[in-house]
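Notes to accompany the following structure.
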Amino acid sequence: MASAKNQNNPASARRAKLEEARRKERARERRVRIITISASVAVVAALVAGGGYLMSQANEKEEKENQARTSPVTGERSWDDLGREHVTTKVDYPMNPPVGGDHNQVWMNCNADVYTDEIAKENAVHSLEHGAVWVTYNDKASDADVEALTKKVKSTPYSLMSPVKDQKDPLVLSAWGKQVTVKSATDDRVAQFFTKYVQGPQTPEPGAACTGGLDK
């Protein structure tokens, strides 16, 4: 009997080692599954949180834009019943810069165009008729404000910018029938005016071209 047990001991030892190896492999696989599942849950949670944050940000931005469109612009001046005839002569506008009225048949390009020299008001008014916002400034405007508003215009289709030396205030924003004087480029009304009046409801010819006109 002792001889038989001695013969079986090597086989038993091999089986025990094999079973132990299998047990360790199963334990390793369980750990891998737990780690994978935990990582997946963390990723999903991060995506959900990130998606929720982005959605919240998008909703907040949309709410702000809607509020900007529906709220009055503080200090804004308005004009109605503006002429829209095409003329080839100079026009004596009742406001400076003009916000509408008879104008030249050719518009100033207003596809985020910035002009460093004065432009003809009759051509700029035609751009306003197409839904552009016109930013103007005189010699009293600070270099910092001019630079900041230049960046704003250059990033905004349906807008243009130019100096108007004989305007009363340093910084003025105009759209068809609408105008506001702002204290600086950081004035909250700048963003509101752009949001409300670039291709806004006051536009006589929404969607009309802002390219293909004069470029100087």
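A note on labels: chains of the structure tokens are A, B, ... as shown, every chain counts residues from 1, and ligands are counted from 1 in their shown order.
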Long-range neighbours of Val146 in chain A as a VMD selection string, 10 Å cut-off, only C-alpha atoms, 2 positions minimum in chain: chain A and resid 135 to 138 141 to 144 148 to 152 161 to 163 170 to 171 184 to 185
Filtering to all heavy atoms, could you give me those residues as a short mmCIF file (atom, residue, chain, number, x, y, z; two decimals), in the first residue's frame?
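Final output, saved to out_9.cif:
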```cif
data_model
loop_
_atom_site.label_atom_id
_atom_site.label_comp_id
_atom_site.auth_asym_id
_atom_site.auth_seq_id
_atom_site.Cartn_x
_atom_site.Cartn_y
_atom_site.Cartn_z
N VAL A 135 -19.70 99.42 -37.08
CA VAL A 135 -18.98 99.97 -35.94
C VAL A 135 -18.15 101.16 -36.42
O VAL A 135 -17.37 101.03 -37.37
CB VAL A 135 -18.06 98.92 -35.30
CG1 VAL A 135 -17.26 99.53 -34.14
CG2 VAL A 135 -18.86 97.73 -34.81
N THR A 136 -18.33 102.31 -35.77
CA THR A 136 -17.58 103.51 -36.17
C THR A 136 -16.91 104.14 -34.95
O THR A 136 -17.33 103.94 -33.81
CB THR A 136 -18.50 104.54 -36.84
OG1 THR A 136 -19.58 104.85 -35.95
CG2 THR A 136 -19.07 103.99 -38.14
N TYR A 137 -15.87 104.90 -35.21
CA TYR A 137 -15.11 105.53 -34.13
C TYR A 137 -14.48 106.81 -34.65
O TYR A 137 -14.31 106.99 -35.85
CB TYR A 137 -14.03 104.59 -33.60
CG TYR A 137 -13.03 104.15 -34.64
CD1 TYR A 137 -11.80 104.80 -34.77
CD2 TYR A 137 -13.30 103.09 -35.51
CE1 TYR A 137 -10.88 104.42 -35.74
CE2 TYR A 137 -12.39 102.69 -36.47
CZ TYR A 137 -11.18 103.37 -36.58
OH TYR A 137 -10.27 102.98 -37.54
N ASN A 138 -14.14 107.71 -33.71
CA ASN A 138 -13.43 108.92 -34.09
C ASN A 138 -12.07 108.97 -33.41
O ASN A 138 -11.65 107.99 -32.78
CB ASN A 138 -14.27 110.18 -33.79
CG ASN A 138 -14.54 110.37 -32.31
OD1 ASN A 138 -13.86 109.80 -31.45
ND2 ASN A 138 -15.54 111.19 -31.99
N ALA A 141 -11.41 107.80 -29.66
CA ALA A 141 -11.46 106.39 -29.24
C ALA A 141 -10.06 105.90 -28.90
O ALA A 141 -9.08 106.25 -29.55
CB ALA A 141 -12.06 105.54 -30.35
N SER A 142 -9.97 105.07 -27.87
CA SER A 142 -8.65 104.56 -27.46
C SER A 142 -8.19 103.47 -28.42
O SER A 142 -9.01 102.79 -29.06
CB SER A 142 -8.73 103.99 -26.04
OG SER A 142 -9.47 102.78 -26.03
N ASP A 143 -6.89 103.32 -28.53
CA ASP A 143 -6.33 102.27 -29.38
C ASP A 143 -6.80 100.89 -28.94
O ASP A 143 -7.05 100.02 -29.77
CB ASP A 143 -4.80 102.33 -29.36
CG ASP A 143 -4.25 103.58 -30.02
OD1 ASP A 143 -4.99 104.21 -30.80
OD2 ASP A 143 -3.08 103.93 -29.77
N ALA A 144 -6.92 100.69 -27.61
CA ALA A 144 -7.34 99.39 -27.09
C ALA A 144 -8.77 99.07 -27.52
O ALA A 144 -9.07 97.93 -27.90
CB ALA A 144 -7.23 99.37 -25.57
N ALA A 148 -9.91 96.01 -29.99
CA ALA A 148 -10.87 95.00 -29.54
C ALA A 148 -12.07 94.93 -30.46
O ALA A 148 -12.55 93.83 -30.80
CB ALA A 148 -11.31 95.30 -28.12
N LEU A 149 -12.58 96.06 -30.89
CA LEU A 149 -13.73 96.06 -31.80
C LEU A 149 -13.35 95.56 -33.18
O LEU A 149 -14.16 94.95 -33.88
CB LEU A 149 -14.33 97.47 -31.87
CG LEU A 149 -15.04 97.91 -30.58
CD1 LEU A 149 -15.40 99.39 -30.64
CD2 LEU A 149 -16.31 97.07 -30.37
N THR A 150 -12.11 95.81 -33.58
CA THR A 150 -11.62 95.26 -34.85
C THR A 150 -11.68 93.73 -34.83
O THR A 150 -12.14 93.10 -35.79
CB THR A 150 -10.18 95.73 -35.11
OG1 THR A 150 -10.17 97.15 -35.31
CG2 THR A 150 -9.60 95.05 -36.35
N LYS A 151 -11.24 93.14 -33.72
CA LYS A 151 -11.29 91.68 -33.59
C LYS A 151 -12.74 91.18 -33.63
O LYS A 151 -13.02 90.15 -34.23
CB LYS A 151 -10.61 91.25 -32.29
CG LYS A 151 -9.11 91.43 -32.28
CD LYS A 151 -8.50 90.99 -30.95
CE LYS A 151 -6.99 91.16 -30.94
NZ LYS A 151 -6.40 90.76 -29.64
N LYS A 152 -13.62 91.93 -32.98
CA LYS A 152 -15.03 91.54 -32.96
C LYS A 152 -15.61 91.54 -34.38
O LYS A 152 -16.28 90.59 -34.79
CB LYS A 152 -15.81 92.52 -32.07
CG LYS A 152 -17.32 92.30 -32.05
CD LYS A 152 -17.70 91.00 -31.38
CE LYS A 152 -19.21 90.86 -31.24
NZ LYS A 152 -19.60 89.56 -30.65
N MET A 161 -16.53 97.96 -40.16
CA MET A 161 -16.00 98.94 -39.22
C MET A 161 -15.19 99.98 -39.99
O MET A 161 -14.48 99.64 -40.94
CB MET A 161 -15.12 98.25 -38.17
CG MET A 161 -14.52 99.18 -37.13
SD MET A 161 -13.66 98.17 -35.86
CE MET A 161 -12.95 99.46 -34.84
N SER A 162 -15.33 101.24 -39.57
CA SER A 162 -14.55 102.30 -40.21
C SER A 162 -14.54 103.53 -39.32
O SER A 162 -15.41 103.70 -38.46
CB SER A 162 -15.17 102.66 -41.58
OG SER A 162 -16.40 103.36 -41.39
N PRO A 163 -13.55 104.41 -39.51
CA PRO A 163 -13.57 105.67 -38.77
C PRO A 163 -14.59 106.65 -39.37
O PRO A 163 -14.82 106.65 -40.59
CB PRO A 163 -12.14 106.20 -38.96
CG PRO A 163 -11.68 105.58 -40.23
CD PRO A 163 -12.34 104.24 -40.32
N PRO A 170 -17.00 108.84 -29.32
CA PRO A 170 -15.86 108.03 -29.76
C PRO A 170 -16.23 106.70 -30.38
O PRO A 170 -15.61 106.27 -31.35
CB PRO A 170 -15.06 107.84 -28.46
CG PRO A 170 -15.42 108.99 -27.60
CD PRO A 170 -16.86 109.27 -27.91
N LEU A 171 -17.25 106.01 -29.81
CA LEU A 171 -17.61 104.67 -30.29
C LEU A 171 -19.12 104.59 -30.51
O LEU A 171 -19.91 104.86 -29.60
CB LEU A 171 -17.19 103.61 -29.27
CG LEU A 171 -15.70 103.51 -28.95
CD1 LEU A 171 -15.49 102.56 -27.77
CD2 LEU A 171 -14.91 103.03 -30.16
N SER A 184 -17.04 101.74 -24.10
CA SER A 184 -15.80 101.02 -24.41
C SER A 184 -16.14 99.73 -25.13
O SER A 184 -17.32 99.34 -25.21
CB SER A 184 -15.02 100.71 -23.13
OG SER A 184 -15.68 99.71 -22.38
N ALA A 185 -15.11 99.05 -25.61
CA ALA A 185 -15.32 97.77 -26.29
C ALA A 185 -15.82 96.70 -25.34
O ALA A 185 -16.40 95.70 -25.78
CB ALA A 185 -14.02 97.32 -26.95
#
```
Quick one: DSSP strand (DSSP E) residues in range 62-212 of chain A, as a PDB file with N, CA and C atoms, in the first residue's frame?
```pdb
ATOM      1  N   ARG A  77     -31.110 104.371 -29.702  1.00  0.00           N
ATOM      2  CA  ARG A  77     -31.948 105.320 -30.431  1.00  0.00           C
ATOM      3  C   ARG A  77     -32.505 104.635 -31.679  1.00  0.00           C
ATOM      4  N   SER A  78     -33.756 104.943 -32.015  1.00  0.00           N
ATOM      5  CA  SER A  78     -34.431 104.268 -33.131  1.00  0.00           C
ATOM      6  C   SER A  78     -35.042 105.285 -34.083  1.00  0.00           C
ATOM      7  N   ASN A 111     -18.612  91.719 -44.994  1.00  0.00           N
ATOM      8  CA  ASN A 111     -18.408  90.343 -44.550  1.00  0.00           C
ATOM      9  C   ASN A 111     -17.213  90.305 -43.596  1.00  0.00           C
ATOM     10  N   ALA A 112     -17.396  90.926 -42.405  1.00  0.00           N
ATOM     11  CA  ALA A 112     -16.326  91.055 -41.409  1.00  0.00           C
ATOM     12  C   ALA A 112     -15.210  91.949 -41.931  1.00  0.00           C
ATOM     13  N   ASP A 113     -15.594  93.035 -42.599  1.00  0.00           N
ATOM     14  CA  ASP A 113     -14.621  93.931 -43.223  1.00  0.00           C
ATOM     15  C   ASP A 113     -14.298  95.116 -42.315  1.00  0.00           C
ATOM     16  N   VAL A 114     -13.004  95.387 -42.157  1.00  0.00           N
ATOM     17  CA  VAL A 114     -12.531  96.514 -41.356  1.00  0.00           C
ATOM     18  C   VAL A 114     -11.802  97.482 -42.272  1.00  0.00           C
ATOM     19  N   VAL A 133     -24.134  95.229 -39.157  1.00  0.00           N
ATOM     20  CA  VAL A 133     -23.872  96.169 -38.064  1.00  0.00           C
ATOM     21  C   VAL A 133     -22.603  96.926 -38.419  1.00  0.00           C
ATOM     22  N   TRP A 134     -22.663  98.250 -38.265  1.00  0.00           N
ATOM     23  CA  TRP A 134     -21.549  99.126 -38.643  1.00  0.00           C
ATOM     24  C   TRP A 134     -20.956  99.731 -37.369  1.00  0.00           C
ATOM     25  N   VAL A 135     -19.696  99.421 -37.085  1.00  0.00           N
ATOM     26  CA  VAL A 135     -18.978  99.973 -35.941  1.00  0.00           C
ATOM     27  C   VAL A 135     -18.153 101.157 -36.424  1.00  0.00           C
ATOM     28  N   THR A 136     -18.328 102.310 -35.773  1.00  0.00           N
ATOM     29  CA  THR A 136     -17.578 103.507 -36.171  1.00  0.00           C
ATOM     30  C   THR A 136     -16.912 104.137 -34.948  1.00  0.00           C
ATOM     31  N   TYR A 137     -15.869 104.896 -35.209  1.00  0.00           N
ATOM     32  CA  TYR A 137     -15.114 105.528 -34.129  1.00  0.00           C
ATOM     33  C   TYR A 137     -14.478 106.812 -34.646  1.00  0.00           C
ATOM     34  N   SER A 159     -20.877  92.394 -40.753  1.00  0.00           N
ATOM     35  CA  SER A 159     -20.479  93.554 -39.970  1.00  0.00           C
ATOM     36  C   SER A 159     -19.343  94.250 -40.695  1.00  0.00           C
ATOM     37  N   LEU A 160     -19.186  95.530 -40.378  1.00  0.00           N
ATOM     38  CA  LEU A 160     -18.091  96.308 -40.947  1.00  0.00           C
ATOM     39  C   LEU A 160     -17.700  97.389 -39.949  1.00  0.00           C
ATOM     40  N   MET A 161     -16.530  97.960 -40.155  1.00  0.00           N
ATOM     41  CA  MET A 161     -16.002  98.943 -39.224  1.00  0.00           C
ATOM     42  C   MET A 161     -15.194  99.979 -39.992  1.00  0.00           C
ATOM     43  N   SER A 162     -15.327 101.235 -39.573  1.00  0.00           N
ATOM     44  CA  SER A 162     -14.554 102.299 -40.213  1.00  0.00           C
ATOM     45  C   SER A 162     -14.537 103.528 -39.322  1.00  0.00           C
ATOM     46  N   PRO A 163     -13.553 104.411 -39.507  1.00  0.00           N
ATOM     47  CA  PRO A 163     -13.568 105.673 -38.772  1.00  0.00           C
ATOM     48  C   PRO A 163     -14.592 106.646 -39.368  1.00  0.00           C
ATOM     49  N   LEU A 171     -17.246 106.008 -29.812  1.00  0.00           N
ATOM     50  CA  LEU A 171     -17.610 104.673 -30.290  1.00  0.00           C
ATOM     51  C   LEU A 171     -19.118 104.587 -30.514  1.00  0.00           C
ATOM     52  N   VAL A 172     -19.500 104.189 -31.713  1.00  0.00           N
ATOM     53  CA  VAL A 172     -20.918 104.096 -32.054  1.00  0.00           C
ATOM     54  C   VAL A 172     -21.165 102.801 -32.819  1.00  0.00           C
ATOM     55  N   LEU A 173     -22.284 102.131 -32.510  1.00  0.00           N
ATOM     56  CA  LEU A 173     -22.718 100.941 -33.243  1.00  0.00           C
ATOM     57  C   LEU A 173     -24.033 101.264 -33.924  1.00  0.00           C
ATOM     58  N   SER A 174     -24.121 100.936 -35.213  1.00  0.00           N
ATOM     59  CA  SER A 174     -25.324 101.251 -35.976  1.00  0.00           C
ATOM     60  C   SER A 174     -25.817 100.032 -36.738  1.00  0.00           C
ATOM     61  N   ALA A 175     -27.140  99.932 -36.827  1.00  0.00           N
ATOM     62  CA  ALA A 175     -27.809  98.960 -37.692  1.00  0.00           C
ATOM     63  C   ALA A 175     -28.936  99.727 -38.368  1.00  0.00           C
ATOM     64  N   LYS A 178     -31.307 101.642 -36.089  1.00  0.00           N
ATOM     65  CA  LYS A 178     -30.906 101.477 -34.690  1.00  0.00           C
ATOM     66  C   LYS A 178     -29.489 102.003 -34.479  1.00  0.00           C
ATOM     67  N   GLN A 179     -29.266 102.594 -33.297  1.00  0.00           N
ATOM     68  CA  GLN A 179     -27.915 103.102 -33.004  1.00  0.00           C
ATOM     69  C   GLN A 179     -27.723 103.212 -31.493  1.00  0.00           C
ATOM     70  N   VAL A 180     -26.517 102.917 -31.038  1.00  0.00           N
ATOM     71  CA  VAL A 180     -26.177 103.071 -29.626  1.00  0.00           C
ATOM     72  C   VAL A 180     -24.731 103.550 -29.500  1.00  0.00           C
ATOM     73  N   THR A 181     -24.518 104.426 -28.544  1.00  0.00           N
ATOM     74  CA  THR A 181     -23.174 104.871 -28.199  1.00  0.00           C
ATOM     75  C   THR A 181     -22.684 104.037 -27.020  1.00  0.00           C
TER      76      THR A 181
END
```
Alpha helix (DSSP H) positions in chain A, given as a PyMOL selection string: chain A and resi 2-70+121-129+143-154+188-197
CA of Gly75 in chain A to CA of Asn104 in chain A, distance in Å rounded to a single decimal: 29.0 Å
Residue nearest Thr89 in chain A among A:Met108, A:Glu76, A:Glu122, A:Ala68 (counting only C-alpha atoms):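 Among the listed residues, A:Glu122 lies closest to Thr89 in chain A.
Distances from A:Thr203, A:Thr195, A:Asn96, A:Ser155 to Arg84 in chain A were compared using only C-alpha atoms, and the smallest one belongs to A:Thr203.
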Closest of A:Ile37, A:Val44, A:Met95, A:Val190 to Lys168 in chain A - atom-to-atom distances counting only C-alpha atoms: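 Closest to Lys168 in chain A of all the choices is A:Met95.
The interatomic distance for the pair CA of Thr88 in chain A and CA of Lys216 in chain A works out to 17.3 Å.
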Neighbour list for Trp107 in chain A as a list in words, cut-off 8 Å, only C-alpha atoms, skip fewer than 4 positions in-chain: Asn123, Ala124, Val125, His126, Ser127, Cys210, Gly213 and Leu214 of chain A
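Using only C-alpha atoms for every distance, the candidate list A:Leu82, A:Ala132, A:Val106, A:Val91 yields A:Ala132 as the residue closest to Pro201 in chain A.
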Long-range neighbours of Asp92 in chain A as a list of chain:residue names, 10 Å cut-off, only C-alpha atoms, 5 positions minimum in chain: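 Residues meeting the cut-off are A:Pro98, A:Gly101, A:Asp102, A:Lys121, A:Glu122.
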Point-to-point distance from CA of Trp176 in chain A to CA of Glu65 in chain A, Å rounded to tenths: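 Atom-to-atom, CA of Trp176 in chain A to CA of Glu65 in chain A, that is 19.9 Å.
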Which of A:Lys24, A:Lys17, A:His130, A:Lys183 sits closest to Val198 in chain A [using only C-alpha atoms]: A:His130
Nearest to Thr156 in chain A by atom-to-atom distance, counting only C-alpha atoms, from A:Val48, A:Cys110, A:Ala120, A:Ala42: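 With only C-alpha atoms as the atom set, the closest residue is A:Cys110.
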